[in-house]
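To start, the structure itself, in structure tokens.
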Amino acid sequence: MTDLNMTPGVKPAAQKSKAAKAQWLVSTQNLVLFLLKNPTSAYGLFVLALLIILAFIGPLLATHDPYIQDLQNALQAPSTAHYFGTDELGRDIYSRLLYGTRISLTIIGIVSVIVGPIGLAIGTVAGYLGGRVDTVLMRITDIFLSFPSLILSLAFVAALGPSLYNAIIAISLTAWPPIARLARAETLTFRQTDYIAAARLQGASSFRIIWRSIVPMCLPSVIIRLTLNMAVVILTAAGLGFLGLGAQPPLPEWGAMIASGRRYMIDSWWVVTFPGIAIFCVSLGFNLLGDGLRDALDPKQLNRR
Amino acid sequence: MKAISFDKLRIQLGSALILPGVSFDVKAGECFGLVGESGSGKSTVLRCMSLLFHSWSGTISIDGKSVKEMGPFERCRTFQMVFQDPYGSLHPRHSVRTTLSEPLKIHKLDNHIERMEQALIEVGLPVDFLDRYPHQLSGGQRQRVAIARALILEPDILLLDEPTSALDVSVQAEILNLLVRLREEKGFTYLIVSHDLAVVDHMCDRFAVMQGGKVVEVLPREAIPGNEAIMPYARELIAASLQYERTVE
């Protein structure tokens with residue numbers, strides 16, 4: 001240590017990044033271990049991992065091209081040639097499901113990336129600044145909250161035209177208000193604490209206090225809420241797809257697959273069953289993961305780890 | 001060393017009169033105590049001075065300059081505050097390094113590492129505590145970090161809001177001795193709020209007794225052992241404290 005102390009300019013910087021990295025790694029590791037201990041949250045984590053892995057290597061596992069039609073083989077029952085059967089145009093459902101993971105992951109990813117920061121920003125600013133800013137921001141939030149999300153998405157998609165990305169925008173527009181509400185409520189509990197007062201006494205600007213002190217405190221509950229929201233997002237995306245307003249044919253979006261298969265449901269159960277099971281598993285997985293995260297990230301349990 | 005002057009500090013919220021008018025002076029380099037029962041407005045006086053609470057009238061001035069006229073940066077460099085509860089005054093997700101470097105970044109000071117290490121050494125903590133988080137520290141260590149945070153901007157005045165009341169008795173003594181030593185070394189002006197006359201007796205040159213938002217009497221420390229207070233409430237308070245000490249002994 002003594003020879004390191006000779007070079008004060010080098011040592012602290014290296015030490016800092018090492019310590020920060022270690023802290024980050026340790027807490028992530030603890031989090032994953034905690035989630036794995038509980039079977040339900042382990043299932044959620046497993047589904048998320050599977051979804052990500054399949055989105056990357058899905059094409060390698062696919063047995064057929066998801067877009068090639070083969071009318072000779074339409075509506076084939078599950079067999080060794082087609083694990084999950086074929087749909088009304090003879091496309092392999094197994095391969096389409098694999099390609100569909102990319103679409104689902106895109107939807108979840110983009111919606112979370114849009115919704116999280118917007119909700120967090122609006123909620124923390126409204127909660128910390130209070131007064132008129134709070135009133136204006138929260139009334140806007142209330143207006144968005146007062147529409148049923150699927151109906152509002154429908155209206156947006158109808159106005160913007162049906163496509164996958166318009167569906168994502170529409171879902172994002174309806175998904176941020178609960179996050180903003182949550183972030184505001186959390187902020188209200190933190191804004192009177194002594195450490196915020198101390199930050200103000202040090203001359204920190206409002207923006208700095210919100211970004212450096214309040215956002216880290218709100219982040220766990222927002223992440224939990226986002227994870228729980230993902231299930232709703234998947235269902236809304238599937239719903240929009242089912243109504244023909246989301247992903248357009250021939251994209252293998254799961255909701256759209258159910259929609260096109262529902263006419264053949266009585267004779268060919270596999271056309272709707274497998275996409276249905278996929279939607280069910282993923283949305284259940286995210287719900288359970290969200291529950292597990294809530295147990296793991298609860299600030300009151302923070303000291304235990 | 002800077003002197004503080006409170007003149008007709010008054011808070012009225014609607015029909016509720018919180019502080020009817022508080023006036024007293026703290027001399028430069030003095031340690032001044034504020035004592036009184038719960039709800040007598042001791043901490044409120046500090047919160048008004050630090051502008052954590054805005055809606056007050058009257059003047060609080062430091063060396064003749066009103067705190068409301070000071071720029072925020074000048075105010076921060078003039079006085080800092082140490083809070084009562086060390087468990088609530090440190091950000092739970094900030095390491096000691098972040099806690100101490102934030103004020104340096106805000107005020108764009110140089111030599112961050114040297115200043116942070118210096119502040120930790122001054123409050124008697126090892127330098128490698130920089131990478132600890134509050135939940136890895138004991139109550140006394142947290143309060144030391146809170147004091148280091150107050151010191152790092154090199155203020156002239158420290159406002160101490162019951163700095164020891166949330167701590168164990170043995171730790172209380174350590175923190176009080178630390179504060180006494182810091183004042184001898186750096187010549188701070190202290191304004192300390194306490195409900196414990198023993199703390200005031202240990203630390204302060206003079207103190208004010210407050211009741212119901214009013215300053216009842218300002219007394220020198222020497223008045224405590226013989227209970228030389230004139231006003232009945234102050235006499236009663238000191239007598240009660242003396243009697244308690246006798247029982248404990």
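So you can find residues: chains in the structure tokens are A, B, ... in the order shown, residues in each start at 1, and ligands are numbered from 1 in order.
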- Item | Contacts of A:Asp194 at 10 Å (only C-alpha atoms; same-chain gap of 3+ positions) as a ChimeraX atom specification | /A:190-191,197-200 /B:82-91
- Mind checking DSSP for stretch 62-158 of chain B and telling me the helix (DSSP H, G or I) residues as JSON, numbers by chain? {"B": [72, 73, 74, 75, 76, 77, 78, 96, 97, 98, 99, 100, 101, 102, 103, 104, 105, 106, 112, 113, 114, 115, 116, 117, 118, 119, 120, 121, 122, 127, 128, 129, 130, 131, 134, 135, 136, 139, 140, 141, 142, 143, 144, 145, 146, 147, 148, 149, 150, 151]}
How would the residues just picked look written out with C-alpha atoms as a PDB file, in the first residue's frame?
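Below is the file that was written, part.pdb:
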ATOM      1  CA  PRO B  72     -26.841  30.462  -2.267  1.00  0.00           C
ATOM      2  CA  PHE B  73     -23.161  29.614  -2.752  1.00  0.00           C
ATOM      3  CA  GLU B  74     -21.965  32.260  -0.322  1.00  0.00           C
ATOM      4  CA  ARG B  75     -24.526  31.046   2.220  1.00  0.00           C
ATOM      5  CA  CYS B  76     -23.322  27.456   1.893  1.00  0.00           C
ATOM      6  CA  ARG B  77     -19.714  28.485   2.374  1.00  0.00           C
ATOM      7  CA  THR B  78     -20.638  30.583   5.424  1.00  0.00           C
ATOM      8  CA  VAL B  96     -19.150   8.327   1.930  1.00  0.00           C
ATOM      9  CA  ARG B  97     -17.125   9.317  -1.129  1.00  0.00           C
ATOM     10  CA  THR B  98     -20.227  10.481  -2.991  1.00  0.00           C
ATOM     11  CA  THR B  99     -21.583  12.236   0.103  1.00  0.00           C
ATOM     12  CA  LEU B 100     -18.367  14.197   0.534  1.00  0.00           C
ATOM     13  CA  SER B 101     -17.611  14.853  -3.136  1.00  0.00           C
ATOM     14  CA  GLU B 102     -21.069  16.245  -4.016  1.00  0.00           C
ATOM     15  CA  PRO B 103     -20.521  19.599  -2.248  1.00  0.00           C
ATOM     16  CA  LEU B 104     -17.041  19.837  -3.786  1.00  0.00           C
ATOM     17  CA  LYS B 105     -18.496  19.295  -7.255  1.00  0.00           C
ATOM     18  CA  ILE B 106     -21.300  21.784  -6.672  1.00  0.00           C
ATOM     19  CA  HIS B 112     -11.237  16.471  -4.223  1.00  0.00           C
ATOM     20  CA  ILE B 113      -9.290  13.502  -2.874  1.00  0.00           C
ATOM     21  CA  GLU B 114      -7.090  15.571  -0.564  1.00  0.00           C
ATOM     22  CA  ARG B 115     -10.039  17.527   0.777  1.00  0.00           C
ATOM     23  CA  MET B 116     -12.124  14.412   1.403  1.00  0.00           C
ATOM     24  CA  GLU B 117      -9.271  12.610   3.140  1.00  0.00           C
ATOM     25  CA  GLN B 118      -8.512  15.713   5.182  1.00  0.00           C
ATOM     26  CA  ALA B 119     -12.154  15.973   6.293  1.00  0.00           C
ATOM     27  CA  LEU B 120     -12.245  12.313   7.333  1.00  0.00           C
ATOM     28  CA  ILE B 121      -8.997  12.643   9.270  1.00  0.00           C
ATOM     29  CA  GLU B 122     -10.339  15.731  11.033  1.00  0.00           C
ATOM     30  CA  VAL B 127      -9.446   7.256   5.071  1.00  0.00           C
ATOM     31  CA  ASP B 128     -10.578   3.904   3.664  1.00  0.00           C
ATOM     32  CA  PHE B 129     -14.089   4.640   4.966  1.00  0.00           C
ATOM     33  CA  LEU B 130     -14.570   6.617   1.742  1.00  0.00           C
ATOM     34  CA  ASP B 131     -15.974   3.580  -0.026  1.00  0.00           C
ATOM     35  CA  PRO B 134     -24.134   4.402   5.513  1.00  0.00           C
ATOM     36  CA  HIS B 135     -25.548   0.990   6.394  1.00  0.00           C
ATOM     37  CA  GLN B 136     -21.999  -0.222   6.933  1.00  0.00           C
ATOM     38  CA  GLY B 139     -24.436   5.687  14.508  1.00  0.00           C
ATOM     39  CA  GLY B 140     -21.384   7.528  15.837  1.00  0.00           C
ATOM     40  CA  GLN B 141     -19.471   6.945  12.614  1.00  0.00           C
ATOM     41  CA  ARG B 142     -22.406   8.227  10.596  1.00  0.00           C
ATOM     42  CA  GLN B 143     -22.535  11.385  12.686  1.00  0.00           C
ATOM     43  CA  ARG B 144     -18.812  11.844  12.105  1.00  0.00           C
ATOM     44  CA  VAL B 145     -19.408  11.547   8.366  1.00  0.00           C
ATOM     45  CA  ALA B 146     -22.207  14.106   8.665  1.00  0.00           C
ATOM     46  CA  ILE B 147     -19.811  16.450  10.470  1.00  0.00           C
ATOM     47  CA  ALA B 148     -17.152  15.834   7.805  1.00  0.00           C
ATOM     48  CA  ARG B 149     -19.730  16.744   5.174  1.00  0.00           C
ATOM     49  CA  ALA B 150     -20.405  19.997   7.011  1.00  0.00           C
ATOM     50  CA  LEU B 151     -16.670  20.732   7.338  1.00  0.00           C
TER      51      LEU B 151
END
- Return the single residue from B:Leu153, B:Val215, B:Leu52, B:Ile62 that is closest to B:Lys108, with distances computed using only C-alpha atoms.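 Going through B:Leu153, B:Val215, B:Leu52, B:Ile62 one by one, the smallest distance to B:Lys108 is for B:Leu153.
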- Filtered DSSP result for stretch 74-176 of chain B, state strand (DSSP E), as a count of residues only: 9
- Fewer than 4 positions away in the same chain doesn't count, so skip those; otherwise give me all residues within 12 Å of A:Arg263, counting only C-alpha atoms, as a ChimeraX atom specification. /A:75,87-88,257-259,267-269,271-272
- atom CA of A:Pro249 and atom CA of A:Pro162 are how many Å apart? 11.0 Å
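Nearest-residue note for A:Leu297: choosing from A:Ile209, A:Gly276, A:Ser27, A:Arg102, the minimum distance belongs to A:Ser27, counting only C-alpha atoms.
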- Message: Report as a list of chain:residue names all protein, DNA and RNA residues lying within 9 Å of A:Leu137, evaluated on only C-alpha atoms, omitting residues in the same chain fewer than 5 positions from it.
- Response: A:Ile122, A:Gly123, A:Val125, A:Ala126, A:Arg132, A:Asp142
- Message: Please determine, counting only C-alpha atoms, which residue among B:Leu219, B:Leu167, B:Met81, B:Leu17 has the shortest atom-to-atom distance to B:Pro155.
- Response: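 Result for the nearest residue to B:Pro155: B:Met81.
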Quick one: contact table of chain A to chain B, 7 Å max, nearest atom pair and distance in Å to one decimal per residue, counting only C-alpha atoms, chain and number order, as CSV?
residue,atom,partner,partner_atom,distance
A:Ala19,CA,B:Asp131,CA,6.9
A:Thr193,CA,B:Gly88,CA,6.7
A:Asp194,CA,B:Ser89,CA,4.5
A:Tyr195,CA,B:Ser89,CA,4.3
A:Ala197,CA,B:Leu52,CA,6.9
A:Leu201,CA,B:Cys76,CA,6.0
A:Gln202,CA,B:Cys76,CA,5.5
A:Gly203,CA,B:Phe73,CA,5.9
A:Ala204,CA,B:Ile106,CA,6.3
A:Asn303,CA,B:His135,CA,6.2
- Note on the structure: Separating atom CA of B:Ser194 from atom CA of B:Val209, to the nearest tenth of an Å, is a gap of 10.3 Å
- atom CA of B:Ser61 to atom CA of B:Val123, distance in Å rounded to a single decimal: 28.6 Å
- Task: Would you list the contacts of A:Gly44 as a list of chain:residue names, taking every protein, DNA or RNA residue within 9 Å and counting only C-alpha atoms, but skipping same-chain residues closer than 3 positions in sequence?
- Result: A:Leu35, A:Pro39, A:Thr40, A:Ser41, A:Val47, A:Leu48, A:Ala49, A:Val282, A:Leu284, A:Gly285, A:Phe286, A:Asn287, A:Leu288, A:Leu289, A:Gly290, A:Gly292
Saved selection, atoms kept: C-alpha atoms, as a PDB file, in the first residue's frame:
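File part.pdb, as written:
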ATOM      1  CA  LEU A  35     -34.577 -14.155  -7.046  1.00  0.00           C
ATOM      2  CA  PRO A  39     -39.294 -20.701  -7.210  1.00  0.00           C
ATOM      3  CA  THR A  40     -41.840 -18.220  -8.566  1.00  0.00           C
ATOM      4  CA  SER A  41     -39.363 -15.399  -9.124  1.00  0.00           C
ATOM      5  CA  VAL A  47     -38.605 -16.708 -18.736  1.00  0.00           C
ATOM      6  CA  LEU A  48     -36.823 -13.384 -19.184  1.00  0.00           C
ATOM      7  CA  ALA A  49     -33.511 -15.146 -19.819  1.00  0.00           C
ATOM      8  CA  VAL A 282     -44.228 -14.590 -20.770  1.00  0.00           C
ATOM      9  CA  LEU A 284     -46.980 -14.679 -16.088  1.00  0.00           C
ATOM     10  CA  GLY A 285     -43.183 -14.713 -15.972  1.00  0.00           C
ATOM     11  CA  PHE A 286     -42.970 -10.934 -15.866  1.00  0.00           C
ATOM     12  CA  ASN A 287     -45.621 -10.748 -13.168  1.00  0.00           C
ATOM     13  CA  LEU A 288     -43.740 -13.218 -10.998  1.00  0.00           C
ATOM     14  CA  LEU A 289     -40.420 -11.512 -11.694  1.00  0.00           C
ATOM     15  CA  GLY A 290     -41.968  -8.194 -10.663  1.00  0.00           C
ATOM     16  CA  GLY A 292     -39.800 -11.208  -6.748  1.00  0.00           C
TER      17      GLY A 292
END
- Message: Env of A:Ile114: 9 Å cut, atoms = only C-alpha atoms, seq-sep filter 3 positions within chain, self excluded. Answer as a list in words.
- Response: Gly109, Ile110, Val111, Pro117, Ile118, Gly119, Ile169, Ser172, Leu173 and Trp176 of chain A
Selection above as a file: C-alpha atoms, as a PDB file, in the first residue's frame:
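What landed in again-v2.pdb:
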ATOM      1  CA  GLY A 109     -37.746  -3.017 -24.593  1.00  0.00           C
ATOM      2  CA  ILE A 110     -38.792   0.122 -26.435  1.00  0.00           C
ATOM      3  CA  VAL A 111     -41.870   0.676 -24.274  1.00  0.00           C
ATOM      4  CA  PRO A 117     -37.609   7.810 -17.949  1.00  0.00           C
ATOM      5  CA  ILE A 118     -40.753   9.809 -18.848  1.00  0.00           C
ATOM      6  CA  GLY A 119     -42.688   8.563 -15.834  1.00  0.00           C
ATOM      7  CA  ILE A 169     -45.785   4.523 -29.381  1.00  0.00           C
ATOM      8  CA  SER A 172     -45.976   3.983 -24.362  1.00  0.00           C
ATOM      9  CA  LEU A 173     -48.370   6.926 -24.305  1.00  0.00           C
ATOM     10  CA  TRP A 176     -46.318   6.194 -18.342  1.00  0.00           C
TER      11      TRP A 176
END
- Message: as a ChimeraX atom specification, please: the residues near B:Leu242 (cut-off 10 Å, only C-alpha atoms, same-chain neighbours under 6 positions excluded).
- Response: /B:197-198,224-227,236,248
- With distances taken over only C-alpha atoms, which of B:Leu159, B:Val200, B:Val193, B:Ile4 is nearest to B:Arg221?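 So, comparing all the options, the nearest one is B:Val200.
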